[in-house]
$ cat target_18.txt   # compact mmCIF, C-alpha atoms and all ligand atoms
# COMPACT_ATOMS: atom_id res chain seq x y z
CA MET A 14 0.00 0.00 0.00
CA ALA A 15 2.85 2.36 0.87
CA GLU A 16 4.47 1.63 -2.47
CA ARG A 17 1.25 2.50 -4.32
CA TYR A 18 0.98 5.72 -2.33
CA ALA A 19 4.64 6.56 -3.13
CA ALA A 20 3.93 5.94 -6.83
CA LEU A 21 0.91 8.26 -6.71
CA LEU A 22 2.96 10.98 -5.00
CA ALA A 23 5.73 10.65 -7.57
CA THR A 24 3.32 10.89 -10.51
CA GLU A 25 0.00 12.70 -9.84
CA GLY A 26 1.44 14.41 -6.75
CA VAL A 27 4.19 16.03 -8.79
CA VAL A 28 1.99 16.78 -11.84
CA ARG A 29 -0.55 18.54 -9.60
CA GLY A 30 2.14 20.51 -7.77
CA LEU A 31 1.60 18.83 -4.38
CA ILE A 32 5.17 17.52 -4.19
CA GLY A 33 8.19 19.24 -5.73
CA PRO A 34 9.74 17.33 -8.66
CA ARG A 35 13.05 17.18 -6.77
CA GLU A 36 11.33 15.28 -3.95
CA ALA A 37 10.26 12.37 -6.15
CA PRO A 38 13.57 10.44 -5.95
CA ARG A 39 13.81 10.88 -2.18
CA LEU A 40 10.19 10.27 -1.19
CA TRP A 41 10.95 7.31 1.06
CA GLU A 42 13.66 8.74 3.28
CA ARG A 43 12.53 12.37 3.43
CA HIS A 44 8.79 11.88 3.52
CA LEU A 45 7.33 8.40 3.99
CA LEU A 46 9.73 6.85 6.52
CA ASN A 47 10.25 10.19 8.22
CA CYS A 48 6.47 10.42 8.80
CA ALA A 49 6.02 6.74 9.70
CA VAL A 50 8.22 7.06 12.81
CA LEU A 51 5.51 9.24 14.34
CA GLY A 52 3.67 5.97 14.92
CA GLU A 53 5.98 5.45 17.93
CA VAL A 54 4.03 8.01 19.96
CA LEU A 55 0.49 7.11 18.82
CA PRO A 56 -1.51 4.93 21.22
CA GLU A 57 -3.24 1.79 19.91
CA GLY A 58 -6.65 2.59 18.40
CA ALA A 59 -6.19 6.36 18.68
CA THR A 60 -8.24 8.95 16.82
CA VAL A 61 -5.82 11.16 14.89
CA CYS A 62 -6.46 14.52 13.27
CA ASP A 63 -3.75 15.59 10.81
CA LEU A 64 -3.87 19.35 10.26
CA GLY A 65 -2.57 20.80 6.98
CA SER A 66 -2.16 17.33 5.56
CA GLY A 67 -1.24 18.53 2.05
CA ALA A 68 -0.56 15.42 -0.01
CA GLY A 69 -1.17 13.25 3.10
CA LEU A 70 1.95 13.81 5.19
CA PRO A 71 2.00 12.51 7.83
CA GLY A 72 -1.71 11.52 8.05
CA LEU A 73 -1.93 9.10 5.11
CA VAL A 74 1.38 7.46 5.98
CA LEU A 75 0.11 6.83 9.51
CA ALA A 76 -3.18 5.43 8.22
CA ILE A 77 -1.26 3.02 5.97
CA ALA A 78 1.26 1.99 8.62
CA ARG A 79 -1.26 1.75 11.47
CA PRO A 80 -4.65 0.34 10.45
CA ASP A 81 -5.74 0.52 14.12
CA LEU A 82 -5.92 4.34 13.87
CA THR A 83 -8.94 6.40 12.82
CA VAL A 84 -7.51 9.31 10.85
CA THR A 85 -9.04 12.65 9.82
CA LEU A 86 -7.07 14.65 7.25
CA VAL A 87 -7.70 18.41 7.27
CA ASP A 88 -6.66 20.85 4.55
CA PRO A 89 -8.37 23.96 3.17
CA LEU A 90 -7.19 23.55 -0.43
CA LEU A 91 -9.55 21.69 -2.78
CA ARG A 92 -6.73 20.53 -5.07
CA ARG A 93 -5.18 18.77 -2.07
CA THR A 94 -8.37 17.27 -0.67
CA ILE A 95 -9.28 15.88 -4.11
CA PHE A 96 -5.90 14.13 -4.28
CA LEU A 97 -6.34 12.79 -0.74
CA GLU A 98 -9.81 11.42 -1.57
CA GLU A 99 -8.44 9.76 -4.70
CA VAL A 100 -5.58 8.09 -2.83
CA ILE A 101 -7.95 6.85 -0.11
CA ALA A 102 -10.28 5.36 -2.75
CA GLU A 103 -7.42 3.79 -4.69
CA LEU A 104 -5.86 2.21 -1.61
CA GLY A 105 -9.23 1.22 -0.10
CA LEU A 106 -8.44 2.92 3.21
CA GLU A 107 -11.61 2.75 5.27
CA SER A 108 -10.50 4.45 8.46
CA VAL A 109 -9.61 7.80 6.88
CA THR A 110 -11.82 10.86 6.37
CA VAL A 111 -10.93 14.06 4.56
CA VAL A 112 -12.23 17.41 5.76
CA ARG A 113 -11.75 20.41 3.52
CA GLY A 114 -11.34 23.38 5.81
CA ARG A 115 -9.09 25.25 8.15
CA ALA A 116 -8.11 23.80 11.52
CA GLU A 117 -9.90 26.62 13.33
CA ALA A 118 -13.21 25.66 11.69
CA LEU A 119 -13.20 22.35 13.60
CA HIS A 120 -12.80 23.95 17.02
CA GLY A 121 -15.71 23.10 19.28
CA THR A 122 -16.94 20.29 17.02
CA ALA A 123 -14.60 17.41 17.91
CA ARG A 124 -11.58 16.32 19.91
CA PHE A 125 -8.99 13.71 19.02
CA ASP A 126 -6.49 11.57 20.90
CA VAL A 127 -3.67 13.00 18.82
CA VAL A 128 -3.50 16.11 16.63
CA THR A 129 -0.58 15.84 14.21
CA SER A 130 0.98 18.25 11.73
CA ARG A 131 4.12 18.66 9.66
CA ALA A 132 5.50 21.92 8.22
CA LEU A 133 2.28 23.71 9.11
CA ALA A 134 3.09 26.83 11.14
CA PRO A 135 5.26 28.34 13.89
CA LEU A 136 4.74 26.74 17.30
CA ALA A 137 2.58 29.60 18.62
CA ARG A 138 0.05 29.22 15.81
CA LEU A 139 0.23 25.43 15.95
CA LEU A 140 -0.82 25.55 19.59
CA ASP A 141 -3.74 27.87 18.80
CA TRP A 142 -4.89 25.63 15.94
CA SER A 143 -4.23 22.25 17.55
CA MET A 144 -4.91 22.40 21.30
CA PRO A 145 -8.67 23.09 21.00
CA LEU A 146 -8.90 19.77 19.11
CA VAL A 147 -6.95 17.68 21.65
CA ALA A 148 -8.92 15.32 23.93
CA PRO A 149 -8.31 15.54 27.71
CA GLU A 150 -5.83 12.65 27.79
CA GLY A 151 -4.55 13.41 24.28
CA ALA A 152 -1.66 15.33 22.80
CA MET A 153 -0.57 17.60 19.99
CA VAL A 154 2.36 15.97 18.16
CA ALA A 155 3.90 18.29 15.59
CA MET A 156 6.81 17.41 13.32
CA LYS A 157 9.31 20.26 13.50
CA GLY A 158 13.01 20.84 12.95
CA ARG A 159 15.50 20.74 15.82
CA SER A 160 15.21 24.53 16.13
CA VAL A 161 11.80 24.02 17.75
CA VAL A 162 13.63 24.16 21.11
CA ASP A 163 14.13 27.91 20.44
CA GLU A 164 10.40 28.38 19.95
CA VAL A 165 9.45 26.91 23.34
CA GLY A 166 10.46 29.86 25.56
CA PRO A 167 8.53 32.55 23.66
CA VAL A 168 5.30 30.46 23.56
CA ARG A 169 5.01 30.01 27.36
CA PRO A 170 2.21 32.62 27.59
CA ILE A 171 0.29 30.74 24.87
CA LEU A 172 0.79 27.42 26.69
CA ALA A 173 -0.56 29.05 29.85
CA LYS A 174 -3.54 30.53 27.97
CA HIS A 175 -4.51 27.06 26.74
CA GLY A 176 -3.70 25.28 30.02
CA ALA A 177 -1.14 23.15 28.19
CA SER A 178 1.85 21.42 29.75
CA GLU A 179 5.55 22.08 29.07
CA PRO A 180 6.37 20.83 25.54
CA GLU A 181 8.55 17.75 25.17
CA VAL A 182 10.92 17.71 22.18
CA LEU A 183 11.49 14.09 21.09
CA GLU A 184 13.70 12.54 18.45
CA LEU A 185 11.89 9.52 17.02
CA GLY A 186 13.13 6.70 14.82
CA SER A 187 16.72 5.69 14.16
CA GLY A 188 19.33 5.60 11.41
CA GLU A 189 18.15 7.46 8.32
CA SER A 190 14.51 7.60 9.40
CA THR A 191 14.38 10.08 12.22
CA ALA A 192 12.04 12.94 13.02
CA VAL A 193 12.00 15.65 15.65
CA VAL A 194 8.57 16.19 17.14
CA VAL A 195 7.18 18.48 19.77
CA ARG A 196 4.57 16.86 22.02
CA VAL A 197 2.20 18.93 24.14
CA THR A 198 -0.45 17.55 26.49
CA TRP A 199 -2.87 19.24 28.91
CA ALA A 200 -1.56 20.42 32.27
CA ASP A 201 -4.85 19.36 33.91
CA PRO A 202 -6.99 17.05 31.73
CA ALA A 203 -9.93 17.42 34.16
CA ARG A 204 -10.31 21.05 33.09
CA VAL A 205 -10.79 20.28 29.39
CA SER A 206 -14.47 20.69 28.77
CA TRP A 207 -15.10 21.22 25.07
CA PRO A 208 -16.81 18.50 23.00
CA LEU A 209 -14.94 15.21 23.11
CA ALA A 210 -13.98 13.16 20.09
CA ASP A 211 -15.99 10.02 19.80
CA ARG A 212 -15.41 7.25 17.31
CA ARG A 213 -17.34 9.11 14.64
CA THR A 214 -15.25 11.17 12.27
CA ALA A 215 -15.29 14.95 12.34
CA ALA A 216 -17.24 14.87 9.05
CA ASP A 217 -19.94 12.60 10.55
CA GLN A 218 -20.15 14.88 13.56
CA ARG A 219 -20.60 17.95 11.34
CA ARG A 220 -23.27 16.16 9.26
CA SER A 221 -25.13 15.16 12.40
CA SER A 222 -24.90 18.66 13.85
CA SER A 223 -26.19 20.24 10.62
CA SER A 224 -29.10 17.76 10.51
CA LYS A 225 -29.86 18.65 14.15
CA LYS A 226 -29.86 22.33 13.15
CA ARG A 227 -32.22 21.56 10.26
CA ARG A 228 -34.57 19.68 12.62
CA HIS A 229 -34.40 22.60 15.04
CA ASN A 230 -35.25 25.12 12.28
CA THR A 231 -38.28 23.19 10.97
C1 LIG B 1 3.72 23.41 3.87
S1 LIG B 1 2.27 22.50 3.61
C2 LIG B 1 2.65 20.99 4.46
C3 LIG B 1 1.87 19.84 3.91
C4 LIG B 1 2.20 18.48 4.56
N1 LIG B 1 1.86 18.47 5.97
C5 LIG B 1 3.66 18.11 4.35
O1 LIG B 1 4.40 18.03 5.32
O2 LIG B 1 4.04 17.90 3.18
C6 LIG B 1 1.08 23.28 4.71
C7 LIG B 1 -0.35 22.80 4.47
O3 LIG B 1 -1.17 23.42 5.47
C8 LIG B 1 -2.40 23.80 4.88
N2 LIG B 1 -2.97 24.86 5.73
C9 LIG B 1 -2.67 26.19 5.72
N3 LIG B 1 -3.41 26.82 6.66
C10 LIG B 1 -4.15 25.88 7.30
C11 LIG B 1 -5.11 25.91 8.35
N4 LIG B 1 -5.44 27.05 8.97
N5 LIG B 1 -5.67 24.75 8.73
C12 LIG B 1 -5.35 23.58 8.13
N6 LIG B 1 -4.45 23.50 7.12
C13 LIG B 1 -3.87 24.63 6.71
C14 LIG B 1 -2.00 24.21 3.47
O4 LIG B 1 -3.09 24.15 2.56
C15 LIG B 1 -0.92 23.20 3.13
O5 LIG B 1 -1.44 22.03 2.52
$ encode --input "target_18.txt" --output "structure tokens" --more "lines below"
Ligand SMILES: C[S@@+](CC[C@H](N)C(=O)[O-])C[C@H]1O[C@@H](n2cnc3c(N)ncnc32)[C@H](O)[C@@H]1O
Amino acid sequence: MAERYAALLATEGVVRGLIGPREAPRLWERHLLNCAVLGEVLPEGATVCDLGSGAGLPGLVLAIARPDLTVTLVDPLLRRTIFLEEVIAELGLESVTVVRGRAEALHGTARFDVVTSRALAPLARLLDWSMPLVAPEGAMVAMKGRSVVDEVGPVRPILAKHGASEPEVLELGSGESTAVVVRVTWADPARVSWPLADRRTAADQRRSSSSKKRRHNT
């Protein structure tokens, strides 16, 4: 399945401008394996929301490598969500949903065990976009470069605003497949009171909430 995904990235992904042509020969080491190591910090059976998924990195890689996960891929750009839908259909991935929209639009509608991202935004903005989607016992896990350690000090007021714990910077994987991630949990899970993720996808939850609104309006 991963090989089929790599082939789609190297062909349609490049043609549609979702992956740079120079990335095609180094898809495995720089993209697929690099994203797969994130699996080390994902609990069995977790619900995962991948913000700014782009061509599916890391969300689709995780869905392929870990069929126990329920994955929601979020991206505002139609060109990207069309590609994601096509890959999901082609690979027959049943536990993946695509939501076209911005991270902020999901706030208050769902929470997930893990909110992932790669190359999405500076840490301050990542916290604002991700933490409102993290379940009480969950975590934000963002793939960043090693320089993320320099971002931690300046974001302390934002961590305090959200009630988030001190970030952990972890190096995952080994050999050529390594990734630096920043992991942030809640300081006090008992104080997290927004809607919780259930096993339905964010899309199902939005459908059900709009049908409730329709019932309410009639
Ligand atoms: C630099 S790309 C990274 C894509 C992919 N994660 C990767 O590592 O290849 C950033 C992605 O974030 C998406 N994006 C930008 N603003 C966003 C937002 N507010 N919420 C969710 N996604 C967003 C963009 O459309 C784009 O696909």
$ residues_near_ligand --input "target_18.txt" --ligand "ligand LIG 1 (chain B)" --cutoff "7 Å" --atoms "all atoms listed in the file" --output "list in words"
Leu64, Gly65, Ser66, Gly67, Ala68, Gly69, Leu70, Pro71, Val87, Asp88, Pro89, Leu90, Arg93, Gly114, Arg115, Ala116, Glu117, Ser130, Arg131, Ala132 and Leu133 of chain A
$ closest_residue --input "target_18.txt" --among "A:Ile77, A:Ala148, A:Leu22, A:Val161" --to "Ala134 (chain A)" --atoms "only C-alpha atoms"
A:Val161
$ closest_atom_pairs --input "target_18.txt" --of "region 156-199 of chain A" --to "region 38-62 of chain A" --cutoff "7 Å" --atoms "all atoms listed in the file" --output "Markdown table"
| residue | atom | partner | partner_atom | distance |
| --- | --- | --- | --- | --- |
| A:Leu185 | CA | A:Val50 | CA | 6.1 |
| A:Gly186 | CA | A:Val50 | CA | 5.3 |
| A:Glu189 | CA | A:Glu42 | CA | 6.9 |
| A:Ser190 | CA | A:Asn47 | CA | 5.1 |
| A:Thr191 | CA | A:Asn47 | CA | 5.8 |
| A:Ala192 | CA | A:Asn47 | CA | 5.8 |
$ atom_distance --input "target_18.txt" --atom1 "CA of Arg196 (chain A)" --atom2 "CA of Ala152 (chain A)"
6.5 Å
$ residues_around --input "target_18.txt" --residues "region 197-199 of chain A" --least-positions-apart "6" --cutoff "10 Å" --atoms "all atoms listed in the file" --output "ChimeraX atom specification"
/A:127-128,140,143-144,147-155,172,175-182,205
$ residues_near_point --input "target_18.txt" --point "(-6.7, -1.2, 2.7)" --cutoff "12 Å" --atoms "all atoms listed in the file" --output "VMD selection string"
chain A and resid 14 to 15 17 to 18 73 76 to 81 100 to 109
$ write_last_selection --input "target_18.txt" --atoms "C-alpha atoms" --output "PDB file, in the coordinates of the input"
ATOM      1  CA  MET A  14       0.000   0.000   0.000  1.00  0.00           C
ATOM      2  CA  ALA A  15       2.850   2.360   0.870  1.00  0.00           C
ATOM      3  CA  ARG A  17       1.250   2.500  -4.320  1.00  0.00           C
ATOM      4  CA  TYR A  18       0.980   5.720  -2.330  1.00  0.00           C
ATOM      5  CA  LEU A  73      -1.930   9.100   5.110  1.00  0.00           C
ATOM      6  CA  ALA A  76      -3.180   5.430   8.220  1.00  0.00           C
ATOM      7  CA  ILE A  77      -1.260   3.020   5.970  1.00  0.00           C
ATOM      8  CA  ALA A  78       1.260   1.990   8.620  1.00  0.00           C
ATOM      9  CA  ARG A  79      -1.260   1.750  11.470  1.00  0.00           C
ATOM     10  CA  PRO A  80      -4.650   0.340  10.450  1.00  0.00           C
ATOM     11  CA  ASP A  81      -5.740   0.520  14.120  1.00  0.00           C
ATOM     12  CA  VAL A 100      -5.580   8.090  -2.830  1.00  0.00           C
ATOM     13  CA  ILE A 101      -7.950   6.850  -0.110  1.00  0.00           C
ATOM     14  CA  ALA A 102     -10.280   5.360  -2.750  1.00  0.00           C
ATOM     15  CA  GLU A 103      -7.420   3.790  -4.690  1.00  0.00           C
ATOM     16  CA  LEU A 104      -5.860   2.210  -1.610  1.00  0.00           C
ATOM     17  CA  GLY A 105      -9.230   1.220  -0.100  1.00  0.00           C
ATOM     18  CA  LEU A 106      -8.440   2.920   3.210  1.00  0.00           C
ATOM     19  CA  GLU A 107     -11.610   2.750   5.270  1.00  0.00           C
ATOM     20  CA  SER A 108     -10.500   4.450   8.460  1.00  0.00           C
ATOM     21  CA  VAL A 109      -9.610   7.800   6.880  1.00  0.00           C
TER      22      VAL A 109
END
